[in-house]
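The file coords_36.cif comes next; it holds mmCIF, C-alpha atoms and all ligand atoms.
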```
data_query
#
loop_
_atom_site.label_atom_id
_atom_site.label_comp_id
_atom_site.auth_asym_id
_atom_site.auth_seq_id
_atom_site.Cartn_x
_atom_site.Cartn_y
_atom_site.Cartn_z
CA MET Y 132 -33.84 -26.66 -156.30
CA ALA Y 133 -31.52 -24.60 -154.20
CA ARG Y 134 -28.31 -23.20 -155.61
CA PRO Y 135 -24.99 -22.90 -153.79
CA PRO Y 136 -24.32 -19.33 -152.71
CA SER Y 137 -21.70 -17.47 -154.72
CA PRO Y 138 -18.69 -15.99 -152.89
CA ALA Y 139 -19.76 -12.38 -153.37
CA PRO Y 140 -23.20 -12.66 -151.70
CA SER Y 141 -21.62 -14.63 -148.84
CA LEU Y 142 -19.26 -11.74 -148.21
CA ALA Y 143 -22.15 -9.31 -148.38
CA LEU Y 144 -24.09 -11.50 -145.97
CA VAL Y 145 -21.27 -11.57 -143.44
CA CYS Y 146 -20.93 -7.78 -143.63
CA LEU Y 147 -24.68 -7.29 -143.29
CA LEU Y 148 -24.95 -9.59 -140.29
CA ALA Y 149 -21.97 -7.93 -138.63
CA LEU Y 150 -23.58 -4.51 -139.13
CA LEU Y 151 -26.93 -5.70 -137.82
CA ALA Y 152 -25.37 -7.40 -134.83
CA ALA Y 153 -23.31 -4.35 -133.97
CA ALA Y 154 -26.28 -2.02 -134.37
CA GLY Y 155 -28.68 -4.29 -132.51
CA PRO Y 156 -28.61 -3.80 -128.78
CA ALA Y 157 -27.96 -0.06 -128.78
CA ARG Y 158 -31.06 0.92 -130.73
CA GLY Y 159 -33.76 1.84 -128.21
CA GLN Y 160 -32.81 -0.84 -125.68
CA GLY Y 161 -30.88 0.38 -122.68
CA LEU Y 162 -29.86 -2.21 -120.10
CA PRO Y 163 -28.52 -5.55 -121.38
CA ASP Y 164 -30.64 -7.40 -118.81
CA PRO Y 165 -33.39 -5.17 -117.37
CA PRO Y 166 -35.37 -6.38 -114.32
CA SER Y 167 -38.27 -8.80 -114.76
CA GLN Y 168 -41.83 -7.53 -114.97
CA GLU Y 169 -45.03 -9.23 -113.85
CA THR Y 170 -48.49 -9.75 -115.28
CA THR Y 171 -51.50 -11.70 -114.03
CA ILE Y 172 -54.72 -13.07 -115.48
CA GLU Y 173 -57.88 -14.44 -113.89
CA PHE Y 174 -60.09 -16.85 -115.84
CA VAL Y 175 -63.44 -16.72 -114.10
CA VAL Y 176 -65.85 -19.64 -114.21
CA GLY Y 177 -68.62 -17.44 -115.62
CA ASP Y 178 -71.99 -18.70 -116.71
CA SER Y 179 -71.01 -21.94 -118.43
CA GLY Y 180 -69.77 -24.24 -115.75
CA GLY Y 181 -68.89 -24.28 -112.12
CA VAL Y 182 -70.75 -24.49 -108.87
CA SER Y 183 -70.54 -21.84 -106.19
CA PRO Y 184 -68.18 -21.11 -104.48
CA ARG Y 185 -65.81 -21.97 -107.37
CA LYS Y 186 -64.69 -18.78 -109.03
CA GLY Y 187 -62.02 -19.74 -111.57
CA THR Y 188 -58.29 -20.10 -112.13
CA ALA Y 189 -55.42 -17.63 -112.44
CA TRP Y 190 -51.80 -17.23 -113.56
CA LYS Y 191 -49.11 -14.93 -112.23
CA VAL Y 192 -46.19 -14.68 -114.65
CA GLN Y 193 -42.85 -12.91 -114.46
CA TYR Y 194 -41.03 -12.26 -117.72
CA ALA Y 195 -37.85 -10.60 -118.89
CA ARG Y 196 -35.69 -9.85 -121.87
CA GLY Y 197 -31.92 -10.19 -121.89
CA MET Y 198 -28.74 -10.24 -123.93
CA HIS Y 199 -28.43 -13.64 -125.68
CA LYS Y 200 -31.70 -14.63 -123.99
CA GLY Y 201 -34.41 -12.93 -126.03
CA PHE Y 202 -37.81 -13.00 -124.31
CA TYR Y 203 -38.14 -15.49 -121.47
CA ILE Y 204 -40.08 -16.42 -118.34
CA THR Y 205 -38.57 -15.86 -114.89
CA GLY Y 206 -41.40 -17.37 -112.84
CA ALA Y 207 -44.95 -18.70 -113.22
CA TRP Y 208 -47.53 -19.58 -110.56
CA PHE Y 209 -51.01 -21.06 -111.00
CA ARG Y 210 -54.16 -20.95 -108.91
CA ARG Y 211 -56.53 -23.89 -109.32
CA GLU Y 212 -59.16 -21.77 -107.62
CA LEU Y 213 -59.13 -18.04 -107.01
CA SER Y 214 -59.49 -18.58 -103.25
CA GLU Y 215 -56.43 -20.91 -103.06
CA ASP Y 216 -52.75 -20.06 -102.72
CA TRP Y 217 -50.47 -19.91 -105.75
CA ILE Y 218 -48.78 -23.14 -106.83
CA LYS Y 219 -45.33 -22.59 -108.32
CA VAL Y 220 -44.77 -24.23 -111.71
CA ILE Y 221 -41.86 -22.49 -113.49
CA HIS Y 222 -38.66 -21.04 -112.09
CA ASP Y 223 -37.16 -20.09 -115.48
CA ALA Y 224 -38.21 -21.05 -119.01
CA ARG Y 225 -36.51 -19.88 -122.17
CA ILE Y 226 -35.17 -20.65 -125.58
CA ALA Y 227 -31.52 -21.36 -124.75
CA ASP Y 228 -30.47 -21.13 -128.40
CA LEU Y 229 -31.71 -20.91 -131.96
CA PHE Y 230 -29.45 -23.02 -134.17
CA VAL Y 231 -29.87 -22.57 -137.93
CA PRO Y 232 -27.76 -24.86 -140.13
CA TYR Y 233 -28.13 -24.37 -143.90
CA HIS Y 234 -28.17 -27.46 -146.08
CA GLU Y 235 -25.51 -26.67 -148.66
CA SER Y 236 -22.87 -24.41 -147.20
CA ALA Y 237 -20.71 -25.81 -144.41
CA ASP Y 238 -19.91 -22.40 -142.89
CA THR Y 239 -23.52 -21.17 -142.75
CA ARG Y 240 -24.56 -22.47 -139.35
CA PHE Y 241 -25.86 -19.67 -137.16
CA PHE Y 242 -26.41 -19.55 -133.41
CA ASP Y 243 -29.04 -16.82 -133.65
CA LEU Y 244 -29.38 -16.31 -129.89
CA THR Y 245 -25.95 -16.85 -128.37
CA GLY Y 246 -23.86 -15.95 -131.45
CA PHE Y 247 -25.24 -12.43 -131.94
CA SER Y 248 -26.51 -9.58 -129.79
CA PHE Y 249 -29.91 -9.34 -131.41
CA PRO Y 250 -32.53 -7.10 -129.73
CA LEU Y 251 -36.26 -7.55 -129.31
CA ALA Y 252 -38.30 -5.77 -131.97
CA GLU Y 253 -40.55 -2.84 -131.18
CA VAL Y 254 -44.23 -3.76 -130.99
CA LYS Y 255 -47.15 -1.47 -131.84
CA ALA Y 256 -50.95 -1.55 -131.66
CA GLU Y 257 -51.15 -3.53 -134.91
CA ASP Y 258 -48.98 -6.28 -133.33
CA ALA Y 259 -51.40 -6.61 -130.40
CA GLY Y 260 -54.57 -6.91 -132.48
CA ALA Y 261 -58.11 -6.67 -131.16
CA ASN Y 262 -57.55 -8.80 -128.03
CA GLY Y 263 -54.07 -7.66 -127.05
CA ILE Y 264 -52.25 -4.89 -125.24
CA LEU Y 265 -48.64 -3.74 -125.26
CA LEU Y 266 -46.97 -4.46 -121.92
CA PRO Y 267 -44.90 -1.58 -120.49
CA ALA Y 268 -41.40 -1.17 -121.94
CA PHE Y 269 -38.62 -2.76 -119.90
CA GLU Y 270 -36.62 -0.40 -117.71
CA GLY Y 271 -34.34 1.73 -119.89
CA ASP Y 272 -36.01 0.74 -123.16
CA ALA Y 273 -37.39 3.41 -125.48
CA TYR Y 274 -40.31 1.31 -126.70
CA PRO Y 275 -42.46 -1.68 -125.73
CA THR Y 276 -41.38 -5.12 -126.94
CA VAL Y 277 -43.91 -7.54 -125.39
CA VAL Y 278 -47.54 -8.18 -126.40
CA ARG Y 279 -50.11 -9.69 -124.02
CA GLU Y 280 -53.15 -11.21 -125.67
CA VAL Y 281 -56.14 -12.98 -124.13
CA ARG Y 282 -57.24 -15.45 -126.78
CA ASP Y 283 -60.23 -17.71 -127.17
CA ARG Y 284 -58.65 -21.13 -127.73
CA GLY Y 285 -61.68 -23.05 -128.88
CA VAL Y 286 -63.68 -25.80 -127.23
CA VAL Y 287 -62.04 -27.41 -124.18
CA TRP Y 288 -64.84 -29.81 -123.36
CA LYS Y 289 -68.27 -30.61 -124.73
CA ASP Y 290 -70.58 -33.36 -123.57
CA TYR Y 291 -74.14 -34.58 -123.78
CA ALA Y 292 -75.14 -33.55 -120.26
CA ASN Y 293 -73.64 -30.22 -119.47
CA GLY Y 294 -73.16 -28.31 -122.67
CA VAL Y 295 -69.83 -26.94 -123.73
CA ARG Y 296 -67.02 -24.71 -122.55
CA ARG Y 297 -64.65 -22.62 -124.60
CA GLY Y 298 -61.17 -22.12 -123.19
CA ARG Y 299 -59.01 -19.03 -122.96
CA GLU Y 300 -55.32 -18.34 -122.63
CA MET Y 301 -53.06 -15.42 -121.86
CA VAL Y 302 -50.39 -15.31 -124.56
CA LEU Y 303 -47.17 -13.33 -124.05
CA TRP Y 304 -44.96 -12.86 -127.07
CA ALA Y 305 -42.09 -10.80 -128.41
CA GLY Y 306 -40.10 -10.78 -131.64
CA LEU Y 307 -36.35 -11.36 -131.69
CA GLN Y 308 -35.00 -9.19 -134.49
CA ALA Y 309 -32.34 -11.59 -135.77
CA GLY Y 310 -30.81 -9.58 -138.61
CA ASN Y 311 -32.88 -10.35 -141.70
CA TYR Y 312 -34.93 -12.86 -139.70
CA MET Y 313 -37.56 -12.55 -136.95
CA TYR Y 314 -38.36 -15.11 -134.25
CA LEU Y 315 -41.64 -14.87 -132.38
CA MET Y 316 -41.00 -16.14 -128.85
CA GLN Y 317 -44.38 -17.04 -127.39
CA TYR Y 318 -45.68 -18.44 -124.10
CA GLY Y 319 -49.39 -19.30 -123.68
CA PHE Y 320 -50.78 -19.64 -120.14
CA GLN Y 321 -54.08 -21.47 -120.39
CA ASP Y 322 -57.07 -21.53 -118.07
CA ASP Y 323 -56.62 -25.29 -117.40
CA GLY Y 324 -53.01 -24.98 -116.25
CA VAL Y 325 -51.35 -25.85 -119.59
CA ILE Y 326 -48.40 -23.75 -120.75
CA ALA Y 327 -47.93 -23.67 -124.54
CA PHE Y 328 -44.34 -22.94 -125.60
CA ARG Y 329 -44.03 -21.81 -129.22
CA VAL Y 330 -41.43 -20.24 -131.46
CA GLY Y 331 -42.37 -18.85 -134.85
CA ALA Y 332 -39.84 -18.26 -137.63
CA THR Y 333 -40.63 -15.39 -140.00
CA GLY Y 334 -38.91 -12.38 -141.59
CA GLN Y 335 -36.73 -12.27 -144.69
CA ASN Y 336 -34.81 -15.24 -146.02
CA LEU Y 337 -31.04 -15.02 -145.82
CA PRO Y 338 -29.39 -12.58 -148.23
CA GLY Y 339 -27.19 -14.61 -150.56
CA ALA Y 340 -29.09 -17.82 -149.82
CA ARG Y 341 -32.73 -16.79 -150.17
CA LYS Y 342 -33.79 -20.13 -151.65
CA GLN Y 343 -31.51 -22.43 -149.69
CA ALA Y 344 -33.31 -24.87 -147.35
CA HIS Y 345 -32.32 -24.84 -143.70
CA MET Y 346 -33.47 -25.89 -140.24
CA HIS Y 347 -34.61 -23.62 -137.42
CA ASP Y 348 -33.86 -25.57 -134.24
CA ALA Y 349 -35.29 -24.04 -131.08
CA HIS Y 350 -33.41 -25.41 -128.08
CA TRP Y 351 -35.60 -24.93 -125.03
CA ARG Y 352 -34.49 -24.91 -121.40
CA ILE Y 353 -37.19 -25.31 -118.75
CA ASP Y 354 -36.18 -25.03 -115.10
CA ILE Y 355 -39.42 -26.36 -113.66
CA ASP Y 356 -40.05 -25.88 -109.93
CA LEU Y 357 -43.25 -27.78 -109.32
CA VAL Y 358 -44.65 -26.87 -105.86
CA ASP Y 359 -41.28 -27.45 -104.14
CA GLY Y 360 -38.62 -27.20 -106.84
CA ALA Y 361 -35.92 -28.79 -104.68
CA ARG Y 362 -37.86 -32.06 -104.54
CA ASN Y 363 -38.99 -32.95 -108.07
CA ASN Y 364 -38.66 -36.30 -109.84
CA ALA Y 365 -37.98 -36.60 -113.60
CA MET Y 366 -39.86 -39.53 -115.16
CA LEU Y 367 -39.98 -41.01 -118.67
CA MET Y 368 -43.31 -42.05 -120.17
CA THR Y 369 -43.46 -44.56 -123.02
CA HIS Y 370 -46.13 -46.50 -124.89
CA SER Y 371 -45.47 -49.87 -126.52
CA GLU Y 372 -47.62 -51.74 -128.99
CA THR Y 373 -46.88 -54.04 -131.91
CA THR Y 374 -48.81 -55.09 -135.00
CA ALA Y 375 -48.53 -58.72 -133.83
CA GLY Y 376 -51.02 -58.43 -130.97
CA LEU Y 377 -54.06 -56.57 -129.73
CA GLY Y 378 -52.77 -55.26 -126.43
CA ALA Y 379 -50.60 -52.28 -125.58
CA GLU Y 380 -48.69 -51.11 -122.53
CA ASP Y 381 -47.78 -47.77 -121.04
CA ASP Y 382 -44.79 -47.42 -118.80
CA GLU Y 383 -43.52 -44.85 -116.31
CA GLN Y 384 -39.87 -45.13 -115.27
CA PRO Y 385 -37.33 -42.83 -113.68
CA PHE Y 386 -35.81 -40.81 -116.53
CA HIS Y 387 -32.52 -42.29 -117.79
CA SER Y 388 -32.33 -44.62 -114.76
CA GLY Y 389 -32.68 -41.61 -112.47
CA VAL Y 390 -29.62 -39.66 -113.66
CA GLU Y 391 -28.82 -36.83 -116.06
CA GLY Y 392 -28.69 -37.56 -119.79
CA GLY Y 393 -30.31 -37.21 -123.19
CA ILE Y 394 -32.84 -39.48 -124.91
CA ASP Y 395 -34.53 -39.69 -128.30
CA TRP Y 396 -38.17 -38.99 -129.02
CA GLU Y 397 -39.65 -42.20 -130.44
CA PRO Y 398 -42.79 -41.59 -132.51
CA LYS Y 399 -44.23 -45.05 -131.86
CA GLU Y 400 -43.64 -44.70 -128.12
CA PHE Y 401 -45.28 -41.29 -127.70
CA THR Y 402 -42.27 -40.33 -125.61
CA MET Y 403 -42.85 -37.69 -123.00
CA LEU Y 404 -41.21 -36.41 -119.86
CA ARG Y 405 -43.02 -36.11 -116.56
CA VAL Y 406 -42.03 -34.05 -113.55
CA GLU Y 407 -43.62 -35.15 -110.29
CA SER Y 408 -43.91 -33.18 -107.08
CA GLU Y 409 -44.41 -34.57 -103.59
CA ARG Y 410 -47.72 -32.74 -103.15
CA ARG Y 411 -50.86 -34.77 -103.77
CA ASN Y 412 -54.30 -33.70 -104.96
CA ALA Y 413 -57.53 -34.48 -103.10
CA ASN Y 414 -57.54 -37.98 -104.65
CA GLY Y 415 -54.13 -38.80 -103.18
CA LYS Y 416 -52.30 -38.55 -106.52
CA LYS Y 417 -49.02 -36.73 -107.00
CA ILE Y 418 -49.29 -33.37 -108.75
CA ALA Y 419 -47.21 -33.56 -111.94
CA TYR Y 420 -46.62 -31.88 -115.31
CA ASP Y 421 -46.03 -33.68 -118.63
CA LEU Y 422 -43.76 -32.25 -121.34
CA MET Y 423 -45.68 -33.21 -124.50
CA PRO Y 424 -43.77 -32.77 -127.79
CA LEU Y 425 -45.53 -31.32 -130.86
CA ARG Y 426 -43.40 -32.35 -133.80
CA GLN Y 427 -43.16 -32.16 -137.58
CA GLY Y 428 -39.84 -34.01 -137.62
CA THR Y 429 -36.61 -34.70 -135.78
CA ALA Y 430 -33.50 -32.69 -136.66
CA ARG Y 431 -30.09 -34.35 -136.46
CA HIS Y 432 -26.89 -32.50 -137.34
CA LYS Y 433 -23.19 -33.06 -136.85
CA GLU Y 434 -23.18 -31.05 -133.60
CA ASP Y 435 -23.47 -33.39 -130.62
CA PHE Y 436 -26.06 -31.30 -128.75
CA THR Y 437 -28.50 -32.21 -131.57
CA HIS Y 438 -28.02 -35.96 -131.09
CA HIS Y 439 -30.91 -36.26 -128.65
CA ASP Y 440 -34.34 -34.60 -128.40
CA LEU Y 441 -35.07 -34.62 -124.67
CA TRP Y 442 -32.55 -34.07 -121.90
CA VAL Y 443 -32.80 -33.70 -118.15
CA SER Y 444 -30.13 -32.14 -115.97
CA ARG Y 445 -29.83 -30.98 -112.40
CA SER Y 446 -30.11 -27.22 -111.90
CA HIS Y 447 -26.78 -25.52 -111.16
CA PRO Y 448 -27.34 -21.75 -111.33
CA GLU Y 449 -23.85 -21.18 -109.93
CA ARG Y 450 -22.23 -22.64 -113.06
CA PRO Y 451 -21.88 -19.96 -115.79
CA LEU Y 452 -22.07 -22.40 -118.73
CA GLU Y 453 -25.17 -24.04 -117.32
CA MET Y 454 -27.54 -22.07 -119.60
CA LEU Y 455 -25.83 -23.05 -122.87
CA PHE Y 456 -27.62 -25.69 -124.88
CA ALA Y 457 -24.49 -26.39 -126.92
CA ASN Y 458 -22.81 -27.32 -123.64
CA LEU Y 459 -25.42 -29.96 -122.74
CA PRO Y 460 -23.25 -33.03 -123.43
CA SER Y 461 -20.79 -31.63 -120.85
CA ILE Y 462 -23.50 -30.59 -118.41
CA VAL Y 463 -24.84 -34.15 -118.13
CA ARG Y 464 -21.45 -35.90 -118.19
CA ASP Y 465 -21.28 -36.21 -114.40
CA VAL Y 466 -24.62 -38.10 -114.40
CA GLU Y 467 -26.02 -36.49 -111.28
CA SER Y 468 -29.32 -37.73 -109.88
CA VAL Y 469 -32.53 -36.21 -111.26
CA GLU Y 470 -34.68 -37.59 -108.46
CA GLN Y 471 -35.83 -35.59 -105.44
CA THR Y 472 -33.92 -32.57 -106.70
CA ASP Y 473 -34.16 -29.35 -108.77
CA VAL Y 474 -34.44 -30.61 -112.36
CA VAL Y 475 -34.10 -28.83 -115.71
CA LEU Y 476 -35.82 -30.10 -118.87
CA TRP Y 477 -34.24 -29.48 -122.29
CA TYR Y 478 -36.13 -29.99 -125.51
CA THR Y 479 -35.49 -29.30 -129.19
CA SER Y 480 -38.30 -28.30 -131.54
CA SER Y 481 -37.51 -27.83 -135.21
CA SER Y 482 -39.00 -26.10 -138.23
CA HIS Y 483 -37.66 -27.33 -141.57
CA HIS Y 484 -37.77 -24.33 -143.88
CA GLU Y 485 -37.90 -25.22 -147.54
CA PRO Y 486 -38.20 -21.81 -149.22
CA ARG Y 487 -41.20 -21.23 -151.48
CA ASP Y 488 -42.47 -18.34 -153.52
CA GLU Y 489 -44.73 -17.31 -150.64
CA ASP Y 490 -41.52 -16.27 -148.81
CA GLY Y 491 -40.93 -13.31 -151.11
CA LYS Y 492 -39.64 -12.21 -154.48
CA GLY Y 493 -36.31 -11.08 -155.89
CA ASN Y 494 -35.85 -8.18 -158.33
CA ALA Y 495 -38.89 -6.59 -156.76
CA GLY Y 496 -37.58 -4.01 -154.30
CA ARG Y 497 -34.85 -1.43 -153.87
CA ARG Y 498 -31.29 -2.71 -154.34
CA LEU Y 499 -29.16 -1.96 -151.27
CA TRP Y 500 -25.88 -2.47 -153.09
CA TYR Y 501 -24.73 -3.27 -156.64
CA TRP Y 502 -25.27 -7.03 -156.61
CA ASP Y 503 -28.17 -6.99 -154.13
CA ASP Y 504 -31.13 -9.05 -155.30
CA GLY Y 505 -33.77 -6.43 -154.50
CA TRP Y 506 -35.75 -8.87 -152.34
CA GLU Y 507 -39.25 -8.03 -151.17
CA GLY Y 508 -41.55 -10.11 -149.01
CA SER Y 509 -41.55 -11.98 -145.72
CA ALA Y 510 -41.50 -15.71 -145.00
CA LEU Y 511 -44.85 -16.64 -143.48
CA VAL Y 512 -44.49 -17.69 -139.86
CA MET Y 513 -43.73 -21.36 -139.19
CA TRP Y 514 -44.26 -22.66 -135.64
CA SER Y 515 -42.68 -25.34 -133.48
CA GLY Y 516 -42.87 -26.06 -129.77
CA PHE Y 517 -44.39 -28.21 -127.05
CA ASP Y 518 -46.92 -28.14 -124.22
CA LEU Y 519 -46.43 -28.50 -120.49
CA LYS Y 520 -49.65 -30.15 -119.39
CA PRO Y 521 -50.76 -30.67 -115.77
CA ARG Y 522 -51.48 -34.19 -114.54
CA ASN Y 523 -53.53 -34.65 -111.36
CA LEU Y 524 -53.07 -30.99 -110.52
CA PHE Y 525 -56.85 -30.66 -110.38
CA ASP Y 526 -59.09 -33.12 -108.56
CA ARG Y 527 -61.57 -33.15 -111.46
CA THR Y 528 -62.24 -31.58 -114.87
CA PRO Y 529 -61.55 -27.84 -114.67
CA PHE Y 530 -64.57 -25.57 -115.24
CA TYR Y 531 -66.95 -28.54 -115.45
CA PRO Y 532 -70.30 -27.88 -113.74
CA TYR Y 533 -70.25 -30.81 -111.34
CA ALA Y 534 -73.31 -31.02 -109.12
CA PRO Y 535 -72.84 -29.93 -105.50
CA PRO Y 536 -71.86 -32.84 -103.21
CA THR Y 537 -74.83 -34.69 -101.73
CA PRO Y 538 -75.26 -33.70 -98.06
CA ALA Y 539 -74.47 -36.49 -95.60
CA PRO Y 540 -77.60 -38.10 -94.06
CA PRO Y 541 -78.27 -37.23 -90.42
CA ALA Y 542 -76.49 -39.41 -87.84
CA ASP Y 543 -78.36 -41.34 -85.17
CA ALA Y 544 -77.61 -41.11 -81.45
CA GLU Y 545 -74.52 -43.37 -81.83
CA GLY Y 546 -73.16 -41.33 -84.71
CA ARG Y 547 -74.12 -43.91 -87.38
CA ARG Y 548 -75.31 -42.67 -90.74
CA ALA Y 549 -77.69 -44.49 -93.08
CA VAL Y 550 -75.88 -45.60 -96.24
CA PRO Y 551 -77.91 -45.03 -99.43
CA GLY Y 552 -78.96 -48.32 -101.09
CA ASN Y 553 -78.68 -50.40 -97.89
CU CU S 1 -36.10 -20.02 -142.44
#
```

Rewrite the coordinates I just gave you, this time as structure tokens.
Amino acid sequence: MARPPSPAPSLALVCLLALLAAAGPARGQGLPDPPSQETTIEFVVGDSGGVSPRKGTAWKVQYARGMHKGFYITGAWFRRELSEDWIKVIHDARIADLFVPYHESADTRFFDLTGFSFPLAEVKAEDAGANGILLPAFEGDAYPTVVREVRDRGVVWKDYANGVRRGREMVLWAGLQAGNYMYLMQYGFQDDGVIAFRVGATGQNLPGARKQAHMHDAHWRIDIDLVDGARNNAMLMTHSETTAGLGAEDDEQPFHSGVEGGIDWEPKEFTMLRVESERRNANGKKIAYDLMPLRQGTARHKEDFTHHDLWVSRSHPERPLEMLFANLPSIVRDVESVEQTDVVLWYTSSSHHEPRDEDGKGNAGRRLWYWDDGWEGSALVMWSGFDLKPRNLFDRTPFYPYAPPTPAPPADAEGRRAVPGN
């Protein structure tokens, strides 16, 4: 049972947050928006799967940190095969805001990204773990803030004929030091072309409201540029099935009748967004990516930018308010086309934080001021996010050891070839 915060802790909280916000960007972090950096990874076919001359896949990723932006992606390109050219997937992908409304106090509704000047936290060897490295500090920064890990992500296929393959991913992450709280901003670039977008909420519960339940809404903005970013189509995928019959249908339609807008995620429809390019794979199918939600629940608050879960808009980098999630209802008001153009996907993923004793303990640590509760402990990380999953990007199962193609039979003098079975 949560209790309403008393006036005194609220005042202390405001003072603490103001101090933290003021102290934030100066400490060890120089430029407000240092230049992007780049990292690459090659996932080689190796022993378990693949036929010569297939060598493997690769990612090239550009990333940055910035004021009111946290840690974000400024470009991502994928190679289906090491000998092929890069295929562009992402122009810019970021958390546009972190909105944290508390359940019981009307004035405790934080915009943790755009409302404060929170810095990225320093990372050390113990952050990186056994399979990680610290990426070089951004220009002007006194310490590194980004970890790059190469993780085993478990089995990606297993079948009766050709054994099994374990997948890998390159994970880039950084912590946004949001006052008492910490957000892990994480992007996983997988060997099969999937990008896993995750935000983890951890750190110390709010001083003055340690036990008060609240929502951590991550508002994502994905400017996808698939192959040719100026010519992408936004589609809506739905599934329909009732308990009255045995059949079911799946439908693909232009998103929101082909124009900007916001829609709701419907659990029984398996709602997802699809972005199609004009380029086709070897089977003649359009190369696309699906935005696949991973959800524990759907947050709705008074604020109108929380009234839908999935939005699509047209990219307008020249408009300064274009990056603000809270401005989305205005951004889509002119209902521009989202067909054959540069589209932006917006998605909200939420973690509902109901405090528990595992989050920490009062009267356990040093008191910072007279009425301080002497809190010690850290809320265990809670994740939310989504996947961007390729569709018909490959011509066949990645890393599967298909047999080499059967050589064509010799042609006769007229150029005719014998057809097997005839
Ligand atoms: Cu929380």

Write out as an MDAnalysis selection string each polymer residue whose atoms come within 7 Å of region 195-211 of chain Y, counting only C-alpha atoms; drop sequence neighbours fewer than 3 positions from it. chainID Y and resid 163:168 188:192 215:225 227 244:245 248 251 305 307 316 324 525

Using Å and a single decimal, report how far CA of Val443 (chain Y) sits from CA of Arg464 (chain Y).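 Spanning CA of Arg464 (chain Y) to CA of Val443 (chain Y) is a straight-line distance of 11.6 Å.
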
Taking all atoms listed in the file into account, which residues have an atom no farther than 7 Å from ligand CU 1 (chain S)? I'd like them as a VMD selection string. chain Y and resid 332 to 333 336 345 to 347 484

Measuring between all atoms listed in the file, which one of Y:Val302, Y:Arg296, Y:Glu407, Y:Asp395 shows the shortest distance to Glu383 (chain Y)?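 Going through Y:Val302, Y:Arg296, Y:Glu407, Y:Asp395 one by one, the smallest distance to Glu383 (chain Y) is for Y:Glu407.
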
Minimum-distance residue to Glu397 (chain Y), chosen among Y:Asp243, Y:Glu380, Y:Asp440, Y:Glu467 (using all atoms listed in the file):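 Comparing Y:Asp243, Y:Glu380, Y:Asp440, Y:Glu467 against Glu397 (chain Y), the winner is Y:Asp440.
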
In terms of only C-alpha atoms, the residue from Y:Asp526, Y:Gly393, Y:Asp322, Y:Gln160 at minimal distance from Gly415 (chain Y) is Y:Asp526

Between CA of Asp490 (chain Y) and CA of Gln335 (chain Y), what distance in Å does the model show, to one decimal? 7.5 Å

With all atoms listed in the file as the basis for distance, which of Y:Phe436, Y:Phe456, Y:Trp506, Y:Phe517 is at the shortest distance from Asn311 (chain Y)? Y:Trp506

So that I can see what lies close to Gly331 (chain Y), please list as a ChimeraX atom specification the residues with an atom at most 12 Å from it, counting all atoms listed in the file and leaving out residues fewer than 2 positions away in the same chain. /Y:226,229,304-307,312-318,328-329,333-334,347-349,480-484,510-516

I need the residues from that last selection saved to file as an mmCIF file, keeping the file's coordinate frame (with C-alpha atoms), if you can.
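As a result, out-v5.cif now contains:
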```cif
data_model
loop_
_atom_site.group_PDB
_atom_site.id
_atom_site.type_symbol
_atom_site.label_atom_id
_atom_site.label_comp_id
_atom_site.auth_asym_id
_atom_site.auth_seq_id
_atom_site.Cartn_x
_atom_site.Cartn_y
_atom_site.Cartn_z
ATOM 1 C CA ILE Y 226 -35.170 -20.650 -125.580
ATOM 2 C CA LEU Y 229 -31.710 -20.910 -131.960
ATOM 3 C CA TRP Y 304 -44.960 -12.860 -127.070
ATOM 4 C CA ALA Y 305 -42.090 -10.800 -128.410
ATOM 5 C CA GLY Y 306 -40.100 -10.780 -131.640
ATOM 6 C CA LEU Y 307 -36.350 -11.360 -131.690
ATOM 7 C CA TYR Y 312 -34.930 -12.860 -139.700
ATOM 8 C CA MET Y 313 -37.560 -12.550 -136.950
ATOM 9 C CA TYR Y 314 -38.360 -15.110 -134.250
ATOM 10 C CA LEU Y 315 -41.640 -14.870 -132.380
ATOM 11 C CA MET Y 316 -41.000 -16.140 -128.850
ATOM 12 C CA GLN Y 317 -44.380 -17.040 -127.390
ATOM 13 C CA TYR Y 318 -45.680 -18.440 -124.100
ATOM 14 C CA PHE Y 328 -44.340 -22.940 -125.600
ATOM 15 C CA ARG Y 329 -44.030 -21.810 -129.220
ATOM 16 C CA THR Y 333 -40.630 -15.390 -140.000
ATOM 17 C CA GLY Y 334 -38.910 -12.380 -141.590
ATOM 18 C CA HIS Y 347 -34.610 -23.620 -137.420
ATOM 19 C CA ASP Y 348 -33.860 -25.570 -134.240
ATOM 20 C CA ALA Y 349 -35.290 -24.040 -131.080
ATOM 21 C CA SER Y 480 -38.300 -28.300 -131.540
ATOM 22 C CA SER Y 481 -37.510 -27.830 -135.210
ATOM 23 C CA SER Y 482 -39.000 -26.100 -138.230
ATOM 24 C CA HIS Y 483 -37.660 -27.330 -141.570
ATOM 25 C CA HIS Y 484 -37.770 -24.330 -143.880
ATOM 26 C CA ALA Y 510 -41.500 -15.710 -145.000
ATOM 27 C CA LEU Y 511 -44.850 -16.640 -143.480
ATOM 28 C CA VAL Y 512 -44.490 -17.690 -139.860
ATOM 29 C CA MET Y 513 -43.730 -21.360 -139.190
ATOM 30 C CA TRP Y 514 -44.260 -22.660 -135.640
ATOM 31 C CA SER Y 515 -42.680 -25.340 -133.480
ATOM 32 C CA GLY Y 516 -42.870 -26.060 -129.770
#
```

Identify which of the residues Y:Tyr420, Y:Trp442, Y:Tyr531, Y:Phe174 lies closest to Asp518 (chain Y), counting all atoms listed in the file when measuring atom-to-atom distances.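 Checking each of Y:Tyr420, Y:Trp442, Y:Tyr531, Y:Phe174 against Asp518 (chain Y), counting all atoms listed in the file, the winner is Y:Tyr420.
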